[in-house]
Amino acid sequence: MTDARHVLVVGGGPAGLAAAESALAAGARVTLLDSSDELGGQYWRHLPSARPAAHEERLHHGWQGFVRRRGVLAQHPDCTIVTEAQVWAIETGDAARDSAATLHAARDSAATLDASPGDAATRVVPRDGAAAENAAAENAAGAVSVTVHVLVGPPDGTDREPQTYRPDALVLATGAHDRTLPFPGWQLPGVYSAGAAQALAKGERVSIGDRVVIAGAGPFLLPVAKSLTQTGARVVGVFEASTPARLLRGWSSKPLELLGARGKAPELVDYALGHLRHRIPYRTGWAVVEAHGTDRVDSVTVQKVDASWAPIPGTRRRIAADAVAVSHGFTPRLELAIAAGCDITSDRFVRVDDLGRTSVPGVFAAGEITSIGGADAALAEGSVAGHVAAGGDPADVSLRADRRRRRTFTAFAARLERAHGIRSGWTGWLRDDTIACRCEEVSCGTIRSTVRRTAQTGVRSVKLTTRAGLGICQARICGRTVEELIRTAEHDAITPDASLSAPGDSGKDPIRPPVSTDRRPIVSPIRLGELAGLAASAQLPPDHLDLPDARPARSAED
Amino acid sequence: MAARMIRASNDPVQPLTADRIGLTLDGTPHEGLRGQTIAGVLLAEGVLSWRRTSVGDSPRGVFCGIGVCFDCIVEVNGVRDIRACQRRAQDGDVVRTQHDELPEVTS
Ligand SMILES: Cc1cc2nc3c(=O)[nH]c(=O)nc-3n(C[C@H](O)[C@H](O)[C@H](O)COP(=O)(O)OP(=O)(O)OC[C@H]3O[C@@H](n4cnc5c(N)ncnc54)[C@H](O)[C@@H]3O)c2cc1C
Ligand code: FES
């Protein structure tokens with residue numbers, strides 16, 4: 001099969017698994033990479049093989065389908081699965097030149113992980129746009145030339161094995177992480193993202209607490225409530241910020257569309273029954289606005305919110321809880337797509353056509369990086385993208401059902417956004433001392449006053465002044481929040497465009513609108529010790545990198 | 001109480017037997033099961049935080065649970081900045097709380 005097309009799939013969640021299977025079926029040779037040591041992604045996160053369970057299916061929808069698909073991939077002679085495989089960079093165009101550029105960016109960012117204790121200075125994070133020139137793909141000729149850099153080994157290890165791929169087609173299926181809006185006290189231990197509660201329940205059989213409050217927005221709160229009760233927690237309430245009127249509008253218009261989203265309806269009914277069975281109060285138009293405690297959470301305050309999510313005075317209520325799980329939506333993991341030069345939509349997903357093709361020839365995207373529609377949507381999108389990436393005919397009958405499902409789920413995703421999407425009034429529950437950037441501990445007040453005082457409105461300059469978003473998570477958690485705080489800080493100088501574009505986001509930039517905080521040329525921290533190995537694998541002399549003895553000071557960005 | 005692991009006898013998934021492992025956090029021994037992450041072992045033992053922040057000296061543990069936020073970083077066998085929610089615990093792991101002093105102010 002040496003002449004078969006080589007399709008590289010990044011991400012072993014529903015979208016990536018489906019893409020791998022359909023690419024194989026269409027005759028390709030497939031490599032599937034995931035940073036985790038187990039396949040399944042977020043949806044089918046499960047106990048690891050070292051610690052199996054007799055009835056894993058009881059925690060999951062569609063478990064049998066997952067097991068079947070995993071088996072097919074594991075046994076297929078043309079499929080290679082590499083787990084614990086962290087993709088840390090993607091380059092397009094002239095690979096040799098870009099490898100040098102990327103390695104330099106890696107060194108500059110570096111890896112930062114190796115400093116001596118106490119040297120927080122090493123947490124220098126790649127500059128915005130450091131490798132932006134890499135992103136401008138040179139694919140006019142139509143032939144892809146993407147180089148995918150991977151480190152294989154235990155997470156954050158010291159001597160992971162570097163691997164480099166130059167596939168014929170690339171399918172990105174990196175998924176999303178949940179987005180938690182800040183509120184006073186959200187940095188206390190015992191406050192988790194709802195995804196963490198879910199991941200710990202499914203992947204560890206650990207309940208985050210005994211008395212748990214779940215809050216935020218979206219149908220995702222329901223499976224979280226279910227998993228927590230199945231892990232022995234008492235869920236004292238689920239607080240959905242969207243108001244009943246808006247939910248009704250979003251969910252009840254065009255009910256046929258919902259029915260078409262097969263698989264979703266029974267799943268939702270199941271969650272609703274679970275709620276009744278466990279007598280979990282489900283309140284709409286309420287938000288968690290504060291977490292209390294000294295070294296850990298002991299209670300939370302919930303408050304009624306209006307249709308814009310602005311808290312309504314006089315409605316605060318304090319509830320005793322030892323844990324709180326909060327999620328207001330999802331943030332797609334866009335950095336690899338951006339590095340590959342893919343166009344990003346104005347609502348900040350990877351732009352794809354109905355065959356999963358991105359704006360870069362040979363690069364495909366599927367799943368939650370293209371829209372938030374749930375696991376069934378991800379499966380359908382993955383199937384279509386994998387088939388086309390393998391060179392399969394889009395008109396193939398075998399693809400018809402998935403293409404139809406794909407369209408239905410696109411409508412479903414739009415509905416979710418209408419009913420549950422974040423509304424601007426939430427900033428009303430912030431206080432000046434509320435932490436916005438958890439890594440660098442920058443408060444909302446600092447960001448706002450910096451904007452007002454210095455008339456800075458560019459995300460990049462405010463980040464550099466306040467250090468918001470410059471920490472080790474590379475603004476994954478706070479990036480969009482910081483942008484929103486900057487945008488809403490009252491200052492005449494602000495125009496919506498200016499507040500969102502970073503230097504380099506000019507009209508010529510293929511990565512259009514507001515992606516400055518989504519851009520991370522070095523996706524994951526790398527250790528200095530690993531860089532020498534990387535240089536060797538890129539056939540660069542190590543001294544080319546001029547590895548520093550001492551890490552640059554934190555002021556390197558100032 | 002706070003975080004904890006569901007008892008196997010009550011667990012609807014009916015876990016099969018797994019090897020017991022041990023690690024230490026700042027010298028204190030903790031027991032867990034092979035296959036748990038370091039965060040999983042510590043949370044199951046009711047430990048919620050294993051890092052203190054640079055600016056506020058405040059405690060942190062798991063926040064995102066899926067390797068995105070880096071709140072859970074910890075020193076493992078002498079290597080710093082390891083995400084406890086991602087790294088599987090190995091028998092005998094020596095885990096230390098991380099606290100990074102702020103560097104001297106240069107501006
Ligand atoms: C923590 C969490 C729990 C969730 N649980 C549920 C649930 O119980 N029920 C539900 O309906 N929905 C859940 N969701 C929503 C869920 O994301 C989707 O329904 C579904 O999993 C999306 O599938 P996907 O294939 O697009 O992405 P994912 O399932 O997120 O899969 C993406 C995969 O890509 C891998 N990856 C990402 N970046 C890299 C990289 N740079 N290198 C290597 N690998 C990489 C990740 O490790 C991951 O396995 C959850 C979301 C989160 C964040
Ligand atoms: S808890 Fe977020 S990275 Fe571990």
# chains A, B, ... in the order shown; residues from 1 in each chain; ligands from 1
>>> residues_near_ligand(ligand="ligand 2", cutoff="8 Å", atoms="only C-alpha atoms and all ligand atoms", output="PDB file with N, CA, C and O atoms, in the first residue's frame")
ATOM      1  N   ALA A 196     -14.004  19.556  33.667  1.00  0.00           N
ATOM      2  CA  ALA A 196     -13.141  18.875  34.631  1.00  0.00           C
ATOM      3  C   ALA A 196     -13.965  17.905  35.463  1.00  0.00           C
ATOM      4  O   ALA A 196     -13.561  16.761  35.708  1.00  0.00           O
TER       5      ALA A 196
ATOM      6  N   ALA B  39      -3.279  13.842  39.719  1.00  0.00           N
ATOM      7  CA  ALA B  39      -4.413  14.610  40.236  1.00  0.00           C
ATOM      8  C   ALA B  39      -5.503  13.674  40.744  1.00  0.00           C
ATOM      9  O   ALA B  39      -6.116  13.929  41.786  1.00  0.00           O
ATOM     10  N   GLY B  61      -5.251  23.749  42.337  1.00  0.00           N
ATOM     11  CA  GLY B  61      -5.198  22.319  42.034  1.00  0.00           C
ATOM     12  C   GLY B  61      -5.712  22.117  40.626  1.00  0.00           C
ATOM     13  O   GLY B  61      -5.238  22.753  39.695  1.00  0.00           O
ATOM     14  N   VAL B  62      -6.742  21.278  40.488  1.00  0.00           N
ATOM     15  CA  VAL B  62      -7.320  21.059  39.164  1.00  0.00           C
ATOM     16  C   VAL B  62      -8.313  22.163  38.847  1.00  0.00           C
ATOM     17  O   VAL B  62      -9.099  22.568  39.702  1.00  0.00           O
ATOM     18  N   PHE B  63      -8.289  22.650  37.623  1.00  0.00           N
ATOM     19  CA  PHE B  63      -9.378  23.520  37.177  1.00  0.00           C
ATOM     20  C   PHE B  63     -10.062  22.943  35.925  1.00  0.00           C
ATOM     21  O   PHE B  63     -11.242  22.668  35.948  1.00  0.00           O
ATOM     22  N   CYS B  64      -9.289  22.742  34.840  1.00  0.00           N
ATOM     23  CA  CYS B  64      -9.931  22.292  33.588  1.00  0.00           C
ATOM     24  C   CYS B  64      -9.985  20.771  33.484  1.00  0.00           C
ATOM     25  O   CYS B  64     -10.826  20.229  32.780  1.00  0.00           O
ATOM     26  N   GLY B  65      -9.071  20.097  34.150  1.00  0.00           N
ATOM     27  CA  GLY B  65      -9.074  18.638  34.160  1.00  0.00           C
ATOM     28  C   GLY B  65      -8.659  17.977  32.863  1.00  0.00           C
ATOM     29  O   GLY B  65      -8.589  16.751  32.789  1.00  0.00           O
ATOM     30  N   ILE B  66      -8.386  18.747  31.812  1.00  0.00           N
ATOM     31  CA  ILE B  66      -8.061  18.117  30.528  1.00  0.00           C
ATOM     32  C   ILE B  66      -6.774  18.666  29.908  1.00  0.00           C
ATOM     33  O   ILE B  66      -6.584  18.611  28.693  1.00  0.00           O
ATOM     34  N   GLY B  67      -5.896  19.235  30.739  1.00  0.00           N
ATOM     35  CA  GLY B  67      -4.581  19.595  30.212  1.00  0.00           C
ATOM     36  C   GLY B  67      -4.486  20.951  29.561  1.00  0.00           C
ATOM     37  O   GLY B  67      -3.486  21.247  28.907  1.00  0.00           O
ATOM     38  N   VAL B  68      -5.487  21.792  29.739  1.00  0.00           N
ATOM     39  CA  VAL B  68      -5.517  23.060  29.025  1.00  0.00           C
ATOM     40  C   VAL B  68      -5.047  24.238  29.888  1.00  0.00           C
ATOM     41  O   VAL B  68      -4.380  25.148  29.402  1.00  0.00           O
ATOM     42  N   CYS B  69      -5.375  24.218  31.170  1.00  0.00           N
ATOM     43  CA  CYS B  69      -5.203  25.433  31.988  1.00  0.00           C
ATOM     44  C   CYS B  69      -3.861  25.509  32.711  1.00  0.00           C
ATOM     45  O   CYS B  69      -3.463  26.582  33.154  1.00  0.00           O
ATOM     46  N   PHE B  70      -3.183  24.417  32.880  1.00  0.00           N
ATOM     47  CA  PHE B  70      -1.890  24.365  33.581  1.00  0.00           C
ATOM     48  C   PHE B  70      -1.973  24.804  35.043  1.00  0.00           C
ATOM     49  O   PHE B  70      -0.966  25.098  35.671  1.00  0.00           O
ATOM     50  N   ASP B  71      -3.158  24.894  35.615  1.00  0.00           N
ATOM     51  CA  ASP B  71      -3.275  25.239  37.028  1.00  0.00           C
ATOM     52  C   ASP B  71      -2.704  24.134  37.909  1.00  0.00           C
ATOM     53  O   ASP B  71      -2.280  24.376  39.027  1.00  0.00           O
ATOM     54  N   CYS B  72      -2.694  22.906  37.414  1.00  0.00           N
ATOM     55  CA  CYS B  72      -2.415  21.748  38.258  1.00  0.00           C
ATOM     56  C   CYS B  72      -0.942  21.362  38.256  1.00  0.00           C
ATOM     57  O   CYS B  72      -0.593  20.292  38.728  1.00  0.00           O
ATOM     58  N   ILE B  73      -0.061  22.208  37.705  1.00  0.00           N
ATOM     59  CA  ILE B  73       1.329  21.785  37.535  1.00  0.00           C
ATOM     60  C   ILE B  73       2.022  21.541  38.881  1.00  0.00           C
ATOM     61  O   ILE B  73       1.763  22.205  39.879  1.00  0.00           O
ATOM     62  N   ARG B  83       1.787  18.588  34.333  1.00  0.00           N
ATOM     63  CA  ARG B  83       0.346  18.696  34.584  1.00  0.00           C
ATOM     64  C   ARG B  83      -0.148  17.428  35.288  1.00  0.00           C
ATOM     65  O   ARG B  83      -0.159  16.353  34.693  1.00  0.00           O
ATOM     66  N   ALA B  84      -0.560  17.612  36.533  1.00  0.00           N
ATOM     67  CA  ALA B  84      -0.964  16.464  37.344  1.00  0.00           C
ATOM     68  C   ALA B  84      -2.218  15.796  36.802  1.00  0.00           C
ATOM     69  O   ALA B  84      -2.443  14.616  37.037  1.00  0.00           O
ATOM     70  N   CYS B  85      -3.028  16.541  36.053  1.00  0.00           N
ATOM     71  CA  CYS B  85      -4.260  15.946  35.520  1.00  0.00           C
ATOM     72  C   CYS B  85      -3.975  15.095  34.291  1.00  0.00           C
ATOM     73  O   CYS B  85      -4.852  14.374  33.830  1.00  0.00           O
ATOM     74  N   GLN B  86      -2.759  15.218  33.738  1.00  0.00           N
ATOM     75  CA  GLN B  86      -2.429  14.476  32.525  1.00  0.00           C
ATOM     76  C   GLN B  86      -1.491  13.310  32.805  1.00  0.00           C
ATOM     77  O   GLN B  86      -1.489  12.314  32.090  1.00  0.00           O
TER      78      GLN B  86
END
>>> residues_near_ligand(ligand="ligand 1", cutoff="7 Å", atoms="only C-alpha atoms and all ligand atoms", output="short mmCIF file (atom, residue, chain, number, x, y, z; two decimals) with C-alpha atoms, in the first residue's frame")
data_model
loop_
_atom_site.label_atom_id
_atom_site.label_comp_id
_atom_site.auth_asym_id
_atom_site.auth_seq_id
_atom_site.Cartn_x
_atom_site.Cartn_y
_atom_site.Cartn_z
CA VAL A 10 -4.93 14.79 14.72
CA GLY A 11 -7.35 14.01 17.54
CA GLY A 12 -8.84 10.71 18.66
CA GLY A 13 -12.27 11.99 19.72
CA PRO A 14 -15.50 11.26 17.85
CA ALA A 15 -14.50 13.40 14.84
CA GLY A 16 -10.98 12.02 14.49
CA LEU A 33 -2.43 10.97 16.73
CA ASP A 34 -3.75 11.93 20.14
CA SER A 35 -1.98 13.51 23.09
CA SER A 36 -3.88 11.29 25.48
CA LEU A 39 -8.65 7.14 22.41
CA GLY A 40 -12.17 8.53 22.73
CA GLY A 41 -11.60 12.25 23.14
CA GLN A 42 -13.71 14.17 25.62
CA TYR A 43 -16.93 12.36 24.87
CA ALA A 85 1.51 12.10 20.81
CA GLN A 86 1.50 15.84 21.42
CA VAL A 87 1.41 17.83 18.19
CA TRP A 88 3.36 20.92 19.15
CA ALA A 173 -10.03 17.14 14.87
CA THR A 174 -8.65 18.77 17.99
CA GLY A 175 -12.01 19.47 19.64
CA ALA A 176 -12.75 22.13 22.19
CA HIS A 177 -12.37 22.87 25.85
CA ASP A 178 -15.09 24.38 27.93
CA GLY A 195 -15.51 19.63 31.75
CA ALA A 196 -13.14 18.88 34.63
CA GLN A 198 -16.94 15.32 33.72
CA ALA A 199 -13.38 14.23 32.96
CA PHE A 220 -23.60 20.10 28.42
CA PRO A 223 -24.54 15.06 31.21
CA VAL A 224 -22.28 16.59 33.85
CA ARG A 333 -8.78 24.41 19.98
CA LEU A 336 -3.07 23.97 14.85
CA ALA A 366 -14.03 18.19 11.67
CA GLY A 367 -15.74 18.18 15.03
CA GLU A 368 -15.91 20.92 17.58
CA ILE A 369 -13.20 23.02 15.98
CA GLY A 374 -22.01 17.60 20.04
CA ALA A 375 -20.56 14.17 19.45
CA ALA A 378 -18.52 15.42 15.19
CA VAL A 523 1.13 24.62 20.93
CA GLY B 65 -9.07 18.64 34.16
CA ILE B 66 -8.06 18.12 30.53
#
>>> closest_residue(among="A:Arg205, A:Arg318, A:Arg415, A:Arg351", to="chain B", atoms="only C-alpha atoms")
A:Arg205
>>> select_by_dssp(residues="chain B", states="strand (DSSP E)", output="CSV table (one decimal) with N, CA and C atoms, in the first residue's frame")
chain,number,residue,atom,x,y,z
B,4,ARG,N,-13.6,13.0,46.2
B,4,ARG,CA,-13.3,11.6,46.6
B,4,ARG,C,-13.7,10.7,45.5
B,5,MET,N,-13.1,9.4,45.6
B,5,MET,CA,-13.4,8.4,44.6
B,5,MET,C,-14.6,7.6,45.0
B,20,ARG,N,-2.5,-1.5,43.4
B,20,ARG,CA,-2.3,-0.4,44.3
B,20,ARG,C,-0.9,0.2,44.1
B,21,ILE,N,-0.9,1.5,44.1
B,21,ILE,CA,0.4,2.2,44.0
B,21,ILE,C,0.5,3.3,45.1
B,22,GLY,N,1.7,3.7,45.4
B,22,GLY,CA,1.8,4.8,46.4
B,22,GLY,C,2.7,5.9,45.9
B,23,LEU,N,2.4,7.1,46.3
B,23,LEU,CA,3.3,8.3,46.0
B,23,LEU,C,3.4,9.1,47.2
B,24,THR,N,4.3,10.1,47.2
B,24,THR,CA,4.3,11.0,48.3
B,24,THR,C,4.1,12.4,47.7
B,25,LEU,N,3.4,13.2,48.5
B,25,LEU,CA,3.3,14.7,48.2
B,25,LEU,C,3.9,15.4,49.3
B,28,THR,N,4.4,13.4,52.4
B,28,THR,CA,3.2,12.6,52.9
B,28,THR,C,2.8,11.5,52.0
B,29,PRO,N,2.7,10.3,52.5
B,29,PRO,CA,2.3,9.2,51.6
B,29,PRO,C,0.9,9.2,51.2
B,30,HIS,N,0.6,8.9,49.9
B,30,HIS,CA,-0.8,8.8,49.5
B,30,HIS,C,-0.9,7.5,48.7
B,31,GLU,N,-2.1,6.8,48.8
B,31,GLU,CA,-2.2,5.6,48.0
B,31,GLU,C,-3.2,5.8,46.9
B,32,GLY,N,-3.0,5.1,45.8
B,32,GLY,CA,-4.0,5.1,44.7
B,32,GLY,C,-3.9,3.9,43.9
B,33,LEU,N,-4.5,3.9,42.7
B,33,LEU,CA,-4.5,2.8,41.8
B,33,LEU,C,-3.8,3.1,40.6
B,49,SER,N,-5.3,20.9,46.5
B,49,SER,CA,-4.4,21.8,45.9
B,49,SER,C,-3.0,21.3,46.1
B,50,TRP,N,-2.1,21.6,45.2
B,50,TRP,CA,-0.7,21.2,45.3
B,50,TRP,C,0.2,22.3,44.6
B,51,ARG,N,-0.2,23.5,44.5
B,51,ARG,CA,0.6,24.5,44.0
B,51,ARG,C,0.2,25.8,44.7
B,52,ARG,N,1.1,26.7,44.9
B,52,ARG,CA,0.8,28.1,45.4
B,52,ARG,C,1.2,29.1,44.4
B,59,PRO,N,-3.7,28.9,46.9
B,59,PRO,CA,-3.6,27.5,46.5
B,59,PRO,C,-4.3,27.2,45.2
B,60,ARG,N,-3.8,26.3,44.4
B,60,ARG,CA,-4.4,25.8,43.1
B,60,ARG,C,-4.3,24.3,43.0
B,61,GLY,N,-5.3,23.7,42.3
B,61,GLY,CA,-5.2,22.3,42.0
B,61,GLY,C,-5.7,22.1,40.6
B,73,ILE,N,-0.1,22.2,37.7
B,73,ILE,CA,1.3,21.8,37.5
B,73,ILE,C,2.0,21.5,38.9
B,74,VAL,N,2.9,20.6,38.8
B,74,VAL,CA,3.5,20.1,40.1
B,74,VAL,C,4.9,19.5,39.7
B,75,GLU,N,5.7,19.3,40.7
B,75,GLU,CA,7.1,18.7,40.5
B,75,GLU,C,7.0,17.2,40.7
B,76,VAL,N,7.4,16.5,39.7
B,76,VAL,CA,7.3,15.0,39.9
B,76,VAL,C,8.7,14.4,39.7
B,79,VAL,N,11.3,16.8,38.3
B,79,VAL,CA,11.0,17.6,37.1
B,79,VAL,C,9.7,18.5,37.4
B,80,ARG,N,9.9,19.7,37.1
B,80,ARG,CA,8.9,20.7,37.4
B,80,ARG,C,7.8,20.8,36.3
B,81,ASP,N,6.8,21.5,36.6
B,81,ASP,CA,5.8,21.9,35.6
B,81,ASP,C,5.1,20.7,34.9
B,82,ILE,N,4.8,19.7,35.6
B,82,ILE,CA,4.1,18.6,35.0
B,82,ILE,C,2.6,18.7,35.4
B,83,ARG,N,1.8,18.6,34.3
B,83,ARG,CA,0.3,18.7,34.6
B,83,ARG,C,-0.1,17.4,35.3
B,94,VAL,N,7.7,10.8,43.6
B,94,VAL,CA,7.9,11.8,44.6
B,94,VAL,C,7.4,13.1,44.1
B,95,VAL,N,6.3,13.5,44.6
B,95,VAL,CA,5.6,14.7,44.1
B,95,VAL,C,5.8,15.9,45.1
B,96,ARG,N,6.1,17.0,44.5
B,96,ARG,CA,6.3,18.2,45.4
B,96,ARG,C,5.5,19.4,44.9
B,98,GLN,N,4.5,22.9,44.0
B,98,GLN,CA,5.3,23.9,43.2
B,98,GLN,C,4.9,25.3,43.7
B,99,HIS,N,5.9,26.1,43.9
B,99,HIS,CA,5.6,27.6,44.2
B,99,HIS,C,6.7,28.3,43.5
>>> closest_residue(among="B:Asp19, B:Asp100, B:Leu42, B:Asn10", to="chain A", atoms="only C-alpha atoms")
B:Asp100
>>> closest_atom_pairs(of="chain A", to="chain B", cutoff="7 Å", atoms="only C-alpha atoms", output="JSON lines")
{"residue": "A:Pro48", "atom": "CA", "partner": "B:Gly35", "partner_atom": "CA", "distance": 5.8}
{"residue": "A:Ala50", "atom": "CA", "partner": "B:Gly35", "partner_atom": "CA", "distance": 5.1}
{"residue": "A:Arg51", "atom": "CA", "partner": "B:Ala18", "partner_atom": "CA", "distance": 5.2}
{"residue": "A:Pro52", "atom": "CA", "partner": "B:Leu16", "partner_atom": "CA", "distance": 5.8}
{"residue": "A:Ala53", "atom": "CA", "partner": "B:Pro15", "partner_atom": "CA", "distance": 3.8}
{"residue": "A:Ala54", "atom": "CA", "partner": "B:Gln14", "partner_atom": "CA", "distance": 5.4}
{"residue": "A:His55", "atom": "CA", "partner": "B:Val13", "partner_atom": "CA", "distance": 4.4}
{"residue": "A:Glu56", "atom": "CA", "partner": "B:Val13", "partner_atom": "CA", "distance": 5.2}
{"residue": "A:Arg58", "atom": "CA", "partner": "B:Val13", "partner_atom": "CA", "distance": 6.1}
{"residue": "A:Leu113", "atom": "CA", "partner": "B:Asp81", "partner_atom": "CA", "distance": 6.1}
{"residue": "A:Pro117", "atom": "CA", "partner": "B:Asp100", "partner_atom": "CA", "distance": 6.6}
{"residue": "A:Gly118", "atom": "CA", "partner": "B:Asp100", "partner_atom": "CA", "distance": 4.5}
{"residue": "A:Asp119", "atom": "CA", "partner": "B:Asp100", "partner_atom": "CA", "distance": 6.3}
{"residue": "A:Ala120", "atom": "CA", "partner": "B:Asp100", "partner_atom": "CA", "distance": 5.3}
{"residue": "A:Ala121", "atom": "CA", "partner": "B:Pro103", "partner_atom": "CA", "distance": 6.0}
{"residue": "A:Pro154", "atom": "CA", "partner": "B:Arg87", "partner_atom": "CA", "distance": 6.7}
{"residue": "A:Pro155", "atom": "CA", "partner": "B:Arg87", "partner_atom": "CA", "distance": 5.7}
{"residue": "A:Asp156", "atom": "CA", "partner": "B:Ile82", "partner_atom": "CA", "distance": 5.4}
{"residue": "A:Leu188", "atom": "CA", "partner": "B:Arg60", "partner_atom": "CA", "distance": 7.0}
{"residue": "A:Pro189", "atom": "CA", "partner": "B:Arg60", "partner_atom": "CA", "distance": 5.7}
{"residue": "A:Gly190", "atom": "CA", "partner": "B:Leu48", "partner_atom": "CA", "distance": 7.0}
{"residue": "A:Val191", "atom": "CA", "partner": "B:Phe63", "partner_atom": "CA", "distance": 6.8}
{"residue": "A:Tyr192", "atom": "CA", "partner": "B:Phe63", "partner_atom": "CA", "distance": 4.6}
{"residue": "A:Ser193", "atom": "CA", "partner": "B:Cys64", "partner_atom": "CA", "distance": 5.2}
{"residue": "A:Gly195", "atom": "CA", "partner": "B:Cys64", "partner_atom": "CA", "distance": 6.4}
{"residue": "A:Ala196", "atom": "CA", "partner": "B:Gly65", "partner_atom": "CA", "distance": 4.1}
{"residue": "A:Ala199", "atom": "CA", "partner": "B:Gly65", "partner_atom": "CA", "distance": 6.3}
{"residue": "A:Leu200", "atom": "CA", "partner": "B:Gly65", "partner_atom": "CA", "distance": 6.9}
{"residue": "A:Glu204", "atom": "CA", "partner": "B:Gly40", "partner_atom": "CA", "distance": 6.0}
{"residue": "A:Arg205", "atom": "CA", "partner": "B:Met5", "partner_atom": "CA", "distance": 5.8}
{"residue": "A:Val206", "atom": "CA", "partner": "B:Met5", "partner_atom": "CA", "distance": 4.1}
{"residue": "A:Ser207", "atom": "CA", "partner": "B:Arg4", "partner_atom": "CA", "distance": 5.5}
{"residue": "A:Ile208", "atom": "CA", "partner": "B:Ala3", "partner_atom": "CA", "distance": 4.3}
{"residue": "A:Gly209", "atom": "CA", "partner": "B:Ala3", "partner_atom": "CA", "distance": 4.3}
{"residue": "A:Asp210", "atom": "CA", "partner": "B:Ala2", "partner_atom": "CA", "distance": 6.0}
{"residue": "A:Thr231", "atom": "CA", "partner": "B:Ile6", "partner_atom": "CA", "distance": 5.7}
{"residue": "A:Gly232", "atom": "CA", "partner": "B:Ile6", "partner_atom": "CA", "distance": 6.1}
{"residue": "A:Asp295", "atom": "CA", "partner": "B:Pro59", "partner_atom": "CA", "distance": 6.6}
{"residue": "A:Asp322", "atom": "CA", "partner": "B:Ala2", "partner_atom": "CA", "distance": 5.7}
{"residue": "A:Glu441", "atom": "CA", "partner": "B:Val55", "partner_atom": "CA", "distance": 6.7}
{"residue": "A:Ile472", "atom": "CA", "partner": "B:Phe70", "partner_atom": "CA", "distance": 6.6}
{"residue": "A:Cys473", "atom": "CA", "partner": "B:Cys69", "partner_atom": "CA", "distance": 5.2}
{"residue": "A:Arg476", "atom": "CA", "partner": "B:Cys69", "partner_atom": "CA", "distance": 6.9}
{"residue": "A:Ile477", "atom": "CA", "partner": "B:Cys69", "partner_atom": "CA", "distance": 6.2}
{"residue": "A:Ser555", "atom": "CA", "partner": "B:Thr106", "partner_atom": "CA", "distance": 6.4}
>>> closest_residue(among="A:Pro521, A:Gly157, A:Pro313, A:Gly471", to="Glu335 of chain A", atoms="only C-alpha atoms")
A:Pro521
>>> atom_distance(atom1="atom CA of Val235 of chain A", atom2="atom CA of His292 of chain A")
17.8 Å
>>> closest_residue(among="A:Pro162, A:Gly382, A:Gly469, A:Gly356", to="Ala535 of chain A", atoms="only C-alpha atoms")
A:Pro162
